[in-house]
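Working notes, structure below.
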Amino acid sequence: MQFSEQWLRSMVNPAMDTEQLGHALTMAGLEVEALTPVAAAFNRVVVAEILEAAKHPDADRLQVCKVKVGEETLQIVCGAPNARAGLKAPCALVGAQLPEINGQPGIQIKQAKVRGVESFGMMCSAKELGIATEANGILELPADAPVGQDIREYLDLNDHAYTLKLTPNRADCLSIVGIARDVVAMTGAPMTAPTVAPAAVTGTLTKNVTLQASTACLAYYGRVIEGVNAQAKTPDWMVRRLERSGIRSISALVDITNYILLEQGQPLHAFDLNLLQGDIQVRFAQAGEKLVLLNDTEVTLKGDDLVIADSNGPLALAGIMGGNPSAVSDTTQAIFLESAFFTPDVMAGKARRLGLSTDSSYRFERGVDFGNTLNALERATALVLEICGGQAAAVTAVTADLPVRKQVSLRYAYLLSVLGIEISLARVGQLLTQLGFSYTESNGVFQVNAPSFRFDIAREEDLIEEVARLHGYEHIPALTPVAPQGMLASPEAQRSKHWLRDVMVNQGYQEVVTYSFVDASWERDLYGNEAPITLKNPIASNLSVMRSGLWGGLLDALDYNLKRQQTRAMLFELGARYEQGNQGFIETLTLSGLIYGSVQPEQWATEARAFDFYDAKAHVESLFAQTVRFVVEQHPALHPGQSARIYLGDQAVGWLGKLHPQWQQQYGLTSACYLFELDAAAALATQVPAYSEVSKFLPVRRDLAVIVDQNVSAQTMIDAIIAEQIPQLQTLKLFDVYQGKGVPENKKSLAFLVLMQDTCKTMVDEEVDTIVARILNNWSSNFAASLR
């Protein structure tokens, strides 16, 4: 928000200089990002009038002028093409120091002879005064400019431009009136706000307004003004205020709407009445409708774009930009002036989606004062009638259910505990009053009603912030907090997230941190998620949804590194993924990993070997305190023949596998890429150590090799035996798989290690044989297995 200091001081003029006012604004939360003078330093330049202008005797392009600079008249040689008798323009007197231009030192004016003719000063252009970058001649001033007055005073050049860096919640300060209110609250200085009175109704023509999108536009006010002079000159004071706020003057009608936007914070728009057909409609666009905007770009609208339309179609993008077909011009004779309140939820992100950024959308996205919508229209009407003339008709008003500012409680005791300072109850009430809040107080509890322009006041913490900033952050001492210190309880059954990171780093992984906002195509391709959680106001088109998994970010990081000649990668991320649940959104802490390239960095001592499925499987197993199972299942992102679901007991806790060839080709990967993803909570949970008796007797080992169909899973066979809960069975694991000579076609040989031990006695052959027979019988009946 950029504005002129003199404009602000016309409403509230505290007893502070420019620097002090800037400091006060910053300390009150309205950070002054830049403070610049509107004109460079120069002196001894006054308003002058050229009385005579005669041709120089020895130069065709020079004139000898008689110039009145006050009580005296000077002879000045001037080469400007527009120098003429009767013209009023700036004149630098002898001894004047002009400003530096483009790095060149400023001119010091001296008495001189120009082609033999004495000259006692210099007529100045806007460029020579440092108030414009280009000029075609001397600066022409209005005919009523007072001769002899200092040009800095006449053009208000002793002014400064403040640029505020506002936080999103302080949209009420996106106007001069809003900033003035805050200065009043900070300093207690009196405020002189512009007088707003209903315009005299002398016109009869009105426009009907239909509010079809009543949830998006809660108030719409419009007025016809006939007989306007669109070619009227914008007053110099308005032009200066606009330019010092970063807005160039266009035409009187457009300048007035821009002026109200800056002064009141309410965007307005003026339509050429003769270009409108039928009633005004506030509605959502029909998908595919087109509109040519004021910047001459054509946009194709979507069904959630809010438009102002007539019977012919859209006229303007509501709250963003007007349309070219209904724009005012120099030939405009009547206008329809609108002032509306559009809800921030509907406006959010619409301009960005179309590649636009306007002052109007910036304000509507953050919120405008719905209580000031009609006042802004009346203020604009008064300026139109004053500058452009015309006859104003009655206001057409259509409103829906306007927002209600809820009452907020502020507990005095809680305020003191948060701020950590002593501030009296009466002082708190005084600060709330200075802010324009109404309240009642009982037993140390304030019941506060915020005005309509403070739409950011919604909870107790908001009121505490207001009290703190007005009291002054610099008046709150920086004290070291005093509090009892103690170790937090660390449950034995729960590991720390840092432990997970340490395990991954110790295995050679590097941690990455990627966006939780991802491209919708990642969700569709990698997770088969056709309905991801979409963002209402994405920061970019390729960051429009919330991730339901972390693989997209890891693959993107891999692609980034491969393009920079990194041929090996071991990456992991510990972050959240998001899903839609029955009761709302679910956030789950997830650990995801990726391996690509060779197992070891290039070296002479070890033969190069690429990562495979079992490397990733070993890394996953190292994360769990309990045994996990890997069950063959299909995942959209993984190779159909090399993908597995990770189970901890009966609970599915993650996925492991090789990247699907389709996505491998899409990412341009020349080698296989292996991925895993699991719920961090499952890996962080561990069993509390418990004593179990150590057997004093030797274990008994048997190796069993069985023939089964090639599609039988070894894990399924192990699970079937574990389910029998044989007390003496300590270990059952696969140590060999064989297919080939001696094994029938479509069969395979699986060799298992069977380890048995009793804690009470030495096992005899009969017991061992019974257990082995029980295992073989189970496999024979369930899997048609035969002993090899």
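Just remember, in the structure tokens the first chain shown is A, the second B, etc., residues are 1-based per chain, and ligands are 1-based in the order shown.
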Fill in: Surrounding residues of Glu461 of chain A excluding itself and chain neighbours under 3 positions, 10 Å, only C-alpha atoms, as a list in words
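Result of the neighbour search: Val408, Ser409, Leu410, Tyr414, Leu415, Val418, Ile457, Ala458, Ile464, Glu465, Glu466 and Val467 of chain A.
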Fill in: Residue neighbourhood Leu638 of chain A, 10 Å, only C-alpha atoms, exclusion window fewer than 5 positions, as a PyMOL selection string
chain A and resi 526-527+633+643-644+655-664+673-676
Report as a tab-separated table the residues of segment 608-724 of chain A within 7 Å of segment 578-598 of chain A, each with its shortest atom pair and distance in Å (one decimal), using only C-alpha atoms, ordered by chain and increasing residue number.
residue	atom	partner	partner_atom	distance
A:Ala608	CA	A:Ser598	CA	6.5
A:Arg609	CA	A:Ser598	CA	5.4
A:Ala610	CA	A:Ser598	CA	4.0
A:Phe611	CA	A:Ser598	CA	5.6
A:Ser671	CA	A:Gly597	CA	6.5
A:Ala672	CA	A:Tyr596	CA	6.6
A:Cys673	CA	A:Tyr596	CA	4.9
A:Tyr674	CA	A:Ile595	CA	5.4
A:Leu675	CA	A:Leu594	CA	4.6
A:Phe676	CA	A:Gly593	CA	5.3
A:Glu677	CA	A:Ser592	CA	4.2
A:Leu678	CA	A:Leu591	CA	5.5
A:Asp679	CA	A:Thr590	CA	4.7
A:Ala680	CA	A:Thr590	CA	4.9
Worksheet item: Which one of A:Leu294, A:Leu425, A:Leu164, A:Leu623 sits closest to Leu500 of chain A if you count only C-alpha atoms?
Response: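 The shortest atom-to-atom distance to Leu500 of chain A comes from A:Leu623.
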Item to complete: Please give the complete set of residues from segment 185-406 of chain A that DSSP, run on the backbone, assigns to alpha helix (DSSP H), formatted as a PyMOL selection string.
Response: chain A and resi 185-187+236-243+252-264+344-347+350-353+359-366+373-387
Worksheet item: Quick one: of A:Val32, A:Val428, A:Val254, A:Leu704, who's nearest to Lys233 of chain A, counting only C-alpha atoms?
Response: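 Under the stated criterion, the closest residue is A:Val254.
Using only C-alpha atoms for every distance, the candidate list A:Ser713, A:Thr187, A:Thr73, A:Thr762 yields A:Thr187 as the residue closest to Leu435 of chain A.
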Worksheet entry | Every residue of segment 101-218 of chain A that DSSP places in strand (DSSP E or B), as a list in words |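 Taking segment 101-218 of chain A and keeping strand (DSSP E or B) gives Ile101, Gln104, Gln108, Ala112, Lys113, Val114, Val117, Glu118, Ser119, Gly121, Met122, Met123, Leu141, Asp150, His160, Ala161, Tyr162, Thr163, Leu164, Lys165, Met191, Val209, Thr210, Leu211, Cys217 and Leu218 of chain A.
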Worksheet entry | Within 8 Å of segment 380-387 of chain A using only C-alpha atoms, minus same-chain residues under 2 positions, as a PyMOL selection string | chain A and resi 199+228+232-235+252-253+256-257+260+376-378+389-392
Output file for the selection above: N, CA, C and O atoms, as a JSON list (two decimals), in the first residue's frame:
[["chain", "number", "residue", "atom", "x", "y", "z"],
["A", 199, "ALA", "N", -26.29, 12.17, -2.31],
["A", 199, "ALA", "CA", -26.37, 13.13, -3.40],
["A", 199, "ALA", "C", -27.82, 13.53, -3.67],
["A", 199, "ALA", "O", -28.76, 12.75, -3.45],
["A", 228, "VAL", "N", -22.91, 13.51, -17.94],
["A", 228, "VAL", "CA", -21.55, 13.72, -17.46],
["A", 228, "VAL", "C", -20.65, 14.19, -18.61],
["A", 228, "VAL", "O", -20.89, 13.87, -19.78],
["A", 232, "ALA", "N", -13.84, 16.03, -19.00],
["A", 232, "ALA", "CA", -13.45, 16.99, -17.98],
["A", 232, "ALA", "C", -12.05, 16.66, -17.47],
["A", 232, "ALA", "O", -11.65, 15.50, -17.39],
["A", 233, "LYS", "N", -11.31, 17.69, -17.09],
["A", 233, "LYS", "CA", -9.94, 17.51, -16.62],
["A", 233, "LYS", "C", -9.95, 17.09, -15.15],
["A", 233, "LYS", "O", -10.64, 17.68, -14.31],
["A", 234, "THR", "N", -9.16, 16.08, -14.86],
["A", 234, "THR", "CA", -9.01, 15.65, -13.47],
["A", 234, "THR", "C", -8.26, 16.73, -12.70],
["A", 234, "THR", "O", -7.22, 17.21, -13.16],
["A", 235, "PRO", "N", -8.75, 17.13, -11.53],
["A", 235, "PRO", "CA", -8.06, 18.18, -10.76],
["A", 235, "PRO", "C", -6.62, 17.77, -10.44],
["A", 235, "PRO", "O", -6.32, 16.60, -10.23],
["A", 252, "ALA", "N", -11.08, 11.50, -16.08],
["A", 252, "ALA", "CA", -11.73, 11.95, -14.84],
["A", 252, "ALA", "C", -12.58, 10.84, -14.22],
["A", 252, "ALA", "O", -12.50, 10.59, -13.01],
["A", 253, "LEU", "N", -13.41, 10.16, -15.01],
["A", 253, "LEU", "CA", -14.30, 9.14, -14.47],
["A", 253, "LEU", "C", -13.53, 7.97, -13.88],
["A", 253, "LEU", "O", -13.84, 7.47, -12.79],
["A", 256, "ILE", "N", -11.66, 8.98, -10.66],
["A", 256, "ILE", "CA", -12.52, 9.08, -9.47],
["A", 256, "ILE", "C", -12.71, 7.71, -8.84],
["A", 256, "ILE", "O", -12.63, 7.55, -7.61],
["A", 257, "THR", "N", -12.95, 6.68, -9.64],
["A", 257, "THR", "CA", -13.12, 5.34, -9.07],
["A", 257, "THR", "C", -11.83, 4.87, -8.42],
["A", 257, "THR", "O", -11.85, 4.25, -7.35],
["A", 260, "ILE", "N", -11.43, 6.71, -5.04],
["A", 260, "ILE", "CA", -12.26, 6.15, -3.97],
["A", 260, "ILE", "C", -11.68, 4.84, -3.48],
["A", 260, "ILE", "O", -11.71, 4.53, -2.28],
["A", 376, "ALA", "N", -19.26, 4.71, 0.04],
["A", 376, "ALA", "CA", -18.26, 4.89, -1.02],
["A", 376, "ALA", "C", -18.94, 5.32, -2.32],
["A", 376, "ALA", "O", -18.40, 6.15, -3.07],
["A", 377, "LEU", "N", -20.10, 4.75, -2.60],
["A", 377, "LEU", "CA", -20.83, 5.14, -3.81],
["A", 377, "LEU", "C", -21.25, 6.60, -3.74],
["A", 377, "LEU", "O", -21.15, 7.35, -4.73],
["A", 378, "GLU", "N", -21.73, 7.04, -2.58],
["A", 378, "GLU", "CA", -22.15, 8.43, -2.42],
["A", 378, "GLU", "C", -20.95, 9.37, -2.53],
["A", 378, "GLU", "O", -21.06, 10.45, -3.14],
["A", 389, "GLY", "N", -19.85, 16.97, -13.65],
["A", 389, "GLY", "CA", -21.23, 17.42, -13.78],
["A", 389, "GLY", "C", -22.20, 16.26, -13.93],
["A", 389, "GLY", "O", -21.85, 15.09, -13.76],
["A", 390, "GLY", "N", -23.46, 16.57, -14.25],
["A", 390, "GLY", "CA", -24.46, 15.54, -14.47],
["A", 390, "GLY", "C", -25.58, 15.55, -13.47],
["A", 390, "GLY", "O", -25.63, 16.40, -12.56],
["A", 391, "GLN", "N", -26.51, 14.62, -13.65],
["A", 391, "GLN", "CA", -27.67, 14.47, -12.78],
["A", 391, "GLN", "C", -27.69, 13.04, -12.23],
["A", 391, "GLN", "O", -27.70, 12.08, -12.99],
["A", 392, "ALA", "N", -27.67, 12.92, -10.91],
["A", 392, "ALA", "CA", -27.64, 11.61, -10.26],
["A", 392, "ALA", "C", -29.05, 11.12, -10.00],
["A", 392, "ALA", "O", -29.90, 11.87, -9.50]]
